[in-house]
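Enquirer: Data file protein27.pdb (PDB, C-alpha atoms and all ligand atoms) is appended below.
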ATOM      1  CA  MET V   1     -31.156 -19.480  -5.799  1.00  0.00           C
ATOM      2  CA  THR V   2     -30.691 -18.322  -9.345  1.00  0.00           C
ATOM      3  CA  ARG V   3     -30.822 -14.695 -10.308  1.00  0.00           C
ATOM      4  CA  HIS V   4     -30.990 -12.776 -13.470  1.00  0.00           C
ATOM      5  CA  PRO V   5     -27.459 -11.625 -14.361  1.00  0.00           C
ATOM      6  CA  ASP V   6     -28.666  -8.016 -14.150  1.00  0.00           C
ATOM      7  CA  ALA V   7     -29.427  -8.520 -10.455  1.00  0.00           C
ATOM      8  CA  THR V   8     -25.741  -8.838  -9.652  1.00  0.00           C
ATOM      9  CA  ARG V   9     -24.446  -6.079 -11.904  1.00  0.00           C
ATOM     10  CA  ILE V  10     -23.609  -2.923 -10.006  1.00  0.00           C
ATOM     11  CA  GLU V  11     -24.571   0.166 -11.984  1.00  0.00           C
ATOM     12  CA  ARG V  12     -23.725   2.781  -9.455  1.00  0.00           C
ATOM     13  CA  LEU V  13     -22.442   3.247  -5.936  1.00  0.00           C
ATOM     14  CA  LYS V  14     -23.299   6.230  -3.792  1.00  0.00           C
ATOM     15  CA  GLU V  15     -23.038   7.245  -0.201  1.00  0.00           C
ATOM     16  CA  VAL V  16     -26.367   7.348   1.604  1.00  0.00           C
ATOM     17  CA  GLY V  17     -25.930   9.623   4.547  1.00  0.00           C
ATOM     18  CA  ARG V  18     -22.860   8.818   6.597  1.00  0.00           C
ATOM     19  CA  TYR V  19     -23.594   5.268   7.512  1.00  0.00           C
ATOM     20  CA  ALA V  20     -24.718   3.394   4.445  1.00  0.00           C
ATOM     21  CA  LEU V  21     -23.752   2.581   0.894  1.00  0.00           C
ATOM     22  CA  GLY V  22     -26.381   2.796  -1.805  1.00  0.00           C
ATOM     23  CA  VAL V  23     -26.088   0.289  -4.630  1.00  0.00           C
ATOM     24  CA  GLU V  24     -27.982   0.589  -7.891  1.00  0.00           C
ATOM     25  CA  TRP V  25     -28.273  -2.780  -9.587  1.00  0.00           C
ATOM     26  CA  GLY V  26     -28.651  -3.654 -13.231  1.00  0.00           C
ATOM     27  CA  ASP V  27     -32.213  -4.860 -12.620  1.00  0.00           C
ATOM     28  CA  ARG V  28     -33.140  -1.369 -11.325  1.00  0.00           C
ATOM     29  CA  HIS V  29     -33.157  -2.546  -7.736  1.00  0.00           C
ATOM     30  CA  GLU V  30     -31.610  -0.288  -5.121  1.00  0.00           C
ATOM     31  CA  SER V  31     -30.030  -1.512  -1.934  1.00  0.00           C
ATOM     32  CA  ILE V  32     -29.150   0.542   1.110  1.00  0.00           C
ATOM     33  CA  LEU V  33     -26.384  -1.318   2.870  1.00  0.00           C
ATOM     34  CA  PRO V  34     -25.153  -0.056   6.244  1.00  0.00           C
ATOM     35  CA  TYR V  35     -21.357   0.080   6.285  1.00  0.00           C
ATOM     36  CA  ARG V  36     -21.418  -1.944   9.495  1.00  0.00           C
ATOM     37  CA  ASN V  37     -23.106  -4.829   7.703  1.00  0.00           C
ATOM     38  CA  LEU V  38     -20.595  -4.651   4.867  1.00  0.00           C
ATOM     39  CA  ARG V  39     -17.695  -4.757   7.304  1.00  0.00           C
ATOM     40  CA  ARG V  40     -19.318  -7.644   9.158  1.00  0.00           C
ATOM     41  CA  ALA V  41     -19.589  -9.470   5.860  1.00  0.00           C
ATOM     42  CA  CYS V  42     -15.830  -9.271   5.245  1.00  0.00           C
ATOM     43  CA  PRO V  43     -14.811 -12.857   4.568  1.00  0.00           C
ATOM     44  CA  CYS V  44     -11.171 -12.561   5.632  1.00  0.00           C
ATOM     45  CA  ASP V  45      -9.720 -14.530   8.551  1.00  0.00           C
ATOM     46  CA  ALA V  46      -9.003 -11.455  10.643  1.00  0.00           C
ATOM     47  CA  CYS V  47     -12.627 -10.308  10.530  1.00  0.00           C
ATOM     48  CA  SER V  48     -14.022 -13.779  11.112  1.00  0.00           C
ATOM     49  CA  ALA V  49     -11.854 -14.055  14.217  1.00  0.00           C
ATOM     50  CA  VAL V  50     -13.404 -10.954  15.774  1.00  0.00           C
ATOM     51  CA  ALA V  51     -16.929 -11.435  14.457  1.00  0.00           C
ATOM     52  CA  GLU V  52     -18.425 -11.146  17.950  1.00  0.00           C
ATOM     53  CA  SER V  53     -16.419  -8.104  19.025  1.00  0.00           C
ATOM     54  CA  PRO V  54     -17.692  -4.547  18.705  1.00  0.00           C
ATOM     55  CA  LEU V  55     -16.356  -2.610  15.735  1.00  0.00           C
ATOM     56  CA  THR V  56     -14.348   0.542  16.182  1.00  0.00           C
ATOM     57  CA  PRO V  57     -15.742   3.649  14.448  1.00  0.00           C
ATOM     58  CA  GLU V  58     -12.843   3.432  11.964  1.00  0.00           C
ATOM     59  CA  ALA V  59     -13.710  -0.177  11.136  1.00  0.00           C
ATOM     60  CA  GLU V  60     -17.103   0.830   9.774  1.00  0.00           C
ATOM     61  CA  ARG V  61     -16.085   4.015   7.973  1.00  0.00           C
ATOM     62  CA  PRO V  62     -14.990   3.513   4.361  1.00  0.00           C
ATOM     63  CA  VAL V  63     -12.429   5.782   2.780  1.00  0.00           C
ATOM     64  CA  ASP V  64     -12.700   4.219  -0.657  1.00  0.00           C
ATOM     65  CA  PHE V  65     -14.992   1.845  -2.499  1.00  0.00           C
ATOM     66  CA  GLN V  66     -15.100   0.674  -6.073  1.00  0.00           C
ATOM     67  CA  VAL V  67     -16.373  -2.090  -8.300  1.00  0.00           C
ATOM     68  CA  LEU V  68     -13.610  -4.358  -9.533  1.00  0.00           C
ATOM     69  CA  GLY V  69     -14.093  -6.111 -12.834  1.00  0.00           C
ATOM     70  CA  ASP V  70     -17.893  -6.441 -12.541  1.00  0.00           C
ATOM     71  CA  ARG V  71     -17.628  -9.284 -10.067  1.00  0.00           C
ATOM     72  CA  SER V  72     -16.374  -7.754  -6.836  1.00  0.00           C
ATOM     73  CA  LEU V  73     -16.845  -4.782  -4.573  1.00  0.00           C
ATOM     74  CA  PHE V  74     -13.697  -3.441  -2.994  1.00  0.00           C
ATOM     75  CA  ILE V  75     -13.834  -1.346   0.171  1.00  0.00           C
ATOM     76  CA  ARG V  76     -10.952   0.271   2.019  1.00  0.00           C
ATOM     77  CA  TRP V  77     -11.740   1.221   5.604  1.00  0.00           C
ATOM     78  CA  ALA V  78     -10.448   4.004   7.824  1.00  0.00           C
ATOM     79  CA  ASP V  79      -8.589   1.438   9.963  1.00  0.00           C
ATOM     80  CA  ASN V  80      -6.587   0.468   6.846  1.00  0.00           C
ATOM     81  CA  HIS V  81      -8.415  -2.801   6.395  1.00  0.00           C
ATOM     82  CA  GLU V  82      -9.499  -3.899   2.923  1.00  0.00           C
ATOM     83  CA  THR V  83     -12.578  -5.933   2.098  1.00  0.00           C
ATOM     84  CA  LEU V  84     -13.341  -7.701  -1.137  1.00  0.00           C
ATOM     85  CA  LEU V  85     -16.867  -9.003  -1.557  1.00  0.00           C
ATOM     86  CA  LEU V  86     -18.380 -10.815  -4.504  1.00  0.00           C
ATOM     87  CA  VAL V  87     -21.297  -8.903  -5.968  1.00  0.00           C
ATOM     88  CA  GLU V  88     -23.554 -11.880  -5.155  1.00  0.00           C
ATOM     89  CA  GLU V  89     -22.580 -11.535  -1.507  1.00  0.00           C
ATOM     90  CA  VAL V  90     -23.328  -7.816  -1.620  1.00  0.00           C
ATOM     91  CA  ARG V  91     -26.760  -8.452  -3.097  1.00  0.00           C
ATOM     92  CA  ASP V  92     -27.391 -11.046  -0.384  1.00  0.00           C
ATOM     93  CA  LEU V  93     -26.889  -8.307   2.204  1.00  0.00           C
ATOM     94  CA  CYS V  94     -29.929  -6.398   0.953  1.00  0.00           C
ATOM     95  CA  ARG V  95     -32.605  -6.703   3.617  1.00  0.00           C
ATOM     96  CA  CYS V  96     -35.369  -4.818   1.872  1.00  0.00           C
ATOM     97  CA  ALA V  97     -38.890  -6.217   1.766  1.00  0.00           C
ATOM     98  CA  ARG V  98     -38.469  -7.374  -1.773  1.00  0.00           C
ATOM     99  CA  CYS V  99     -35.229  -9.262  -1.171  1.00  0.00           C
ATOM    100  CA  VAL V 100     -36.306 -10.978   2.050  1.00  0.00           C
ATOM    101  CA  GLY V 101     -40.007 -11.109   1.306  1.00  0.00           C
ATOM    102  CA  GLU V 102     -42.282 -13.153  -0.831  1.00  0.00           C
ATOM    103  CA  PRO V 103     -40.567 -15.172  -3.556  1.00  0.00           C
ATOM    104  CA  ASP V 104     -43.376 -14.133  -5.887  1.00  0.00           C
ATOM    105  CA  PHE V 105     -43.042 -10.427  -5.143  1.00  0.00           C
ATOM    106  CA  PRO V 106     -44.300  -8.706  -8.295  1.00  0.00           C
ATOM    107  CA  ILE V 107     -41.229  -7.685 -10.210  1.00  0.00           C
ATOM    108  CA  THR V 108     -43.076  -5.100 -12.274  1.00  0.00           C
ATOM    109  CA  GLY V 109     -44.490  -3.272  -9.238  1.00  0.00           C
ATOM    110  CA  ARG V 110     -42.640  -0.559  -7.416  1.00  0.00           C
TER     111      ARG V 110
HETATM  112 ZN    ZN K 201     -11.647  -8.411   6.829  1.00  0.00          ZN
HETATM  113 ZN    ZN K 202     -33.418  -5.529  -1.922  1.00  0.00          ZN
END
Rewrite the structure from the file as structure tokens, please.
Expert:
Amino acid sequence: MTRHPDATRIERLKEVGRYALGVEWGDRHESILPYRNLRRACPCDACSAVAESPLTPEAERPVDFQVLGDRSLFIRWADNHETLLLVEEVRDLCRCARCVGEPDFPITGR
């Protein structure tokens, strides 16, 4: 699937409540990504090995997050784990109606 470059440019990160990260994308889309889903998406070997195990509260509570060089999202968790996700992977985590819905969803509508 090809995307407009703006769709994978992170404009802004913000906390949404206590359990989710809000991402504002360059194409004006906004994603609400539960921290749990972000932690589950961690591609490292350690996380893959325990993919079926329940997460501790610390494992899904971020203490720091930042965009690295336009291409990656870095998250440090309260259990001292670090996750690096490509922005494409972060955008793939968006489960809103527009992202999982009709391929011809009207882009101009809101
Ligand atoms: Zn990991
Ligand atoms: Zn979306």
Enquirer: Step by step, work through what the PyMOL selection byres (((not hetatm)) within 6 of (chain K and resi 202)) selects in the shown file, and finish by giving those residues as a ChimeraX atom specification.
Expert: /V:31,94-96,98-99
Enquirer: Which chain V residues have any atom within 7 Å of an atom of ligand ZN 201 (chain K), and for each, what is the nearest pair of atoms with distance in Å to one decimal, counting all atoms listed in the file, rows sorted by chain and number, as CSV?
Expert:
residue,atom,partner,partner_atom,distance
V:Cys42,CA,K:ZN201,ZN,4.6
V:Pro43,CA,K:ZN201,ZN,5.9
V:Cys44,CA,K:ZN201,ZN,4.3
V:Asp45,CA,K:ZN201,ZN,6.6
V:Ala46,CA,K:ZN201,ZN,5.6
V:Cys47,CA,K:ZN201,ZN,4.3
V:His81,CA,K:ZN201,ZN,6.5
V:Glu82,CA,K:ZN201,ZN,6.3
V:Thr83,CA,K:ZN201,ZN,5.4
Enquirer: Restricting it to C-alpha atoms, dump the selection as a JSON list (two decimals), in the coordinates of the input.
Expert:
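What ended up in part_22.json:
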[["chain", "number", "residue", "atom", "x", "y", "z"],
["V", 42, "CYS", "CA", -15.83, -9.27, 5.24],
["V", 43, "PRO", "CA", -14.81, -12.86, 4.57],
["V", 44, "CYS", "CA", -11.17, -12.56, 5.63],
["V", 45, "ASP", "CA", -9.72, -14.53, 8.55],
["V", 46, "ALA", "CA", -9.00, -11.46, 10.64],
["V", 47, "CYS", "CA", -12.63, -10.31, 10.53],
["V", 81, "HIS", "CA", -8.41, -2.80, 6.40],
["V", 82, "GLU", "CA", -9.50, -3.90, 2.92],
["V", 83, "THR", "CA", -12.58, -5.93, 2.10]]
Enquirer: Rounded to one decimal, what separation in Å do you get between atom CA of V:Gln66 and atom CA of V:Asp92?
Expert: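 Those two atoms sit 17.9 Å apart.
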Enquirer: Take atom CA of V:His29 and atom CA of V:Glu60 and report the distance between them in Å, one decimal.
Expert: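 Answer for the atom CA of V:His29 to atom CA of V:Glu60 separation: 24.0 Å.
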Enquirer: Could you please give me, as JSON, numbers by chain, the residues of protein, DNA or RNA lying at most 9 Å from (-21.3, 4.1, -5.3) in the coordinate frame of the file, considering all atoms listed in the file?
Expert: {"V": [10, 11, 12, 13, 14, 15, 21, 22, 23, 24, 65, 66, 67]}
Enquirer: For V:Ala59, which residue out of V:Arg28, V:Asp6, V:Arg91, V:Tyr19 is the nearest one, using all atoms listed in the file?
Expert: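 Closest to V:Ala59 of all the choices is V:Tyr19.
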Enquirer: Determine the nearest neighbour of V:Val63 from the options V:Leu86, V:His4, V:Arg18, V:Gly101, counting all atoms listed in the file.
Expert: V:Arg18
Enquirer: Nearest to V:Arg71: which of V:Thr2, V:Thr56, V:Thr8, V:Asn37 is it, counting only C-alpha atoms?
Expert: V:Thr8
Enquirer: Could you state the separation of atom CA of V:Val50 and atom CA of V:Gly69 in Å, given to one decimal place?
Expert: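 About the pair atom CA of V:Val50 and atom CA of V:Gly69: they are 29.0 Å apart.
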Enquirer: Taking into account only C-alpha atoms, which residue in the set V:Arg3, V:Arg76, V:Arg9, V:Arg61 is nearest to V:Gly26?
Expert: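 Closest residue, counting only C-alpha atoms: V:Arg9.
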Enquirer: Set up a box along x, y and z of the file covering all listed atoms of stretch 35-45 of chain V, add 8 Å on every one of the six sides, and write the centre and edge lengths in Å to one decimal, as JSON.
Expert:
{"center_x": -16.4, "center_y": -7.2, "center_z": 7.0, "size_x": 29.4, "size_y": 30.6, "size_z": 20.9}
Enquirer: Which is closer to V:Ala41 than all the others in V:Ala20, V:Leu85, V:Ala97, V:Ala78, using all atoms listed in the file?
Expert: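 Under the stated criterion, the closest residue is V:Leu85.
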Enquirer: Neighbourhood query: residues within 6 Å of (-14.5, -6.4, -2.1), file coordinates, counting only C-alpha atoms; return as a ChimeraX atom specification.
Expert: /V:72-75,83-85
Enquirer: Write the selection just made, keeping C-alpha atoms, as an mmCIF file, in the coordinates of the input?
Expert:
data_model
loop_
_atom_site.group_PDB
_atom_site.id
_atom_site.type_symbol
_atom_site.label_atom_id
_atom_site.label_comp_id
_atom_site.auth_asym_id
_atom_site.auth_seq_id
_atom_site.Cartn_x
_atom_site.Cartn_y
_atom_site.Cartn_z
ATOM 1 C CA SER V 72 -16.374 -7.754 -6.836
ATOM 2 C CA LEU V 73 -16.845 -4.782 -4.573
ATOM 3 C CA PHE V 74 -13.697 -3.441 -2.994
ATOM 4 C CA ILE V 75 -13.834 -1.346 0.171
ATOM 5 C CA THR V 83 -12.578 -5.933 2.098
ATOM 6 C CA LEU V 84 -13.341 -7.701 -1.137
ATOM 7 C CA LEU V 85 -16.867 -9.003 -1.557
#
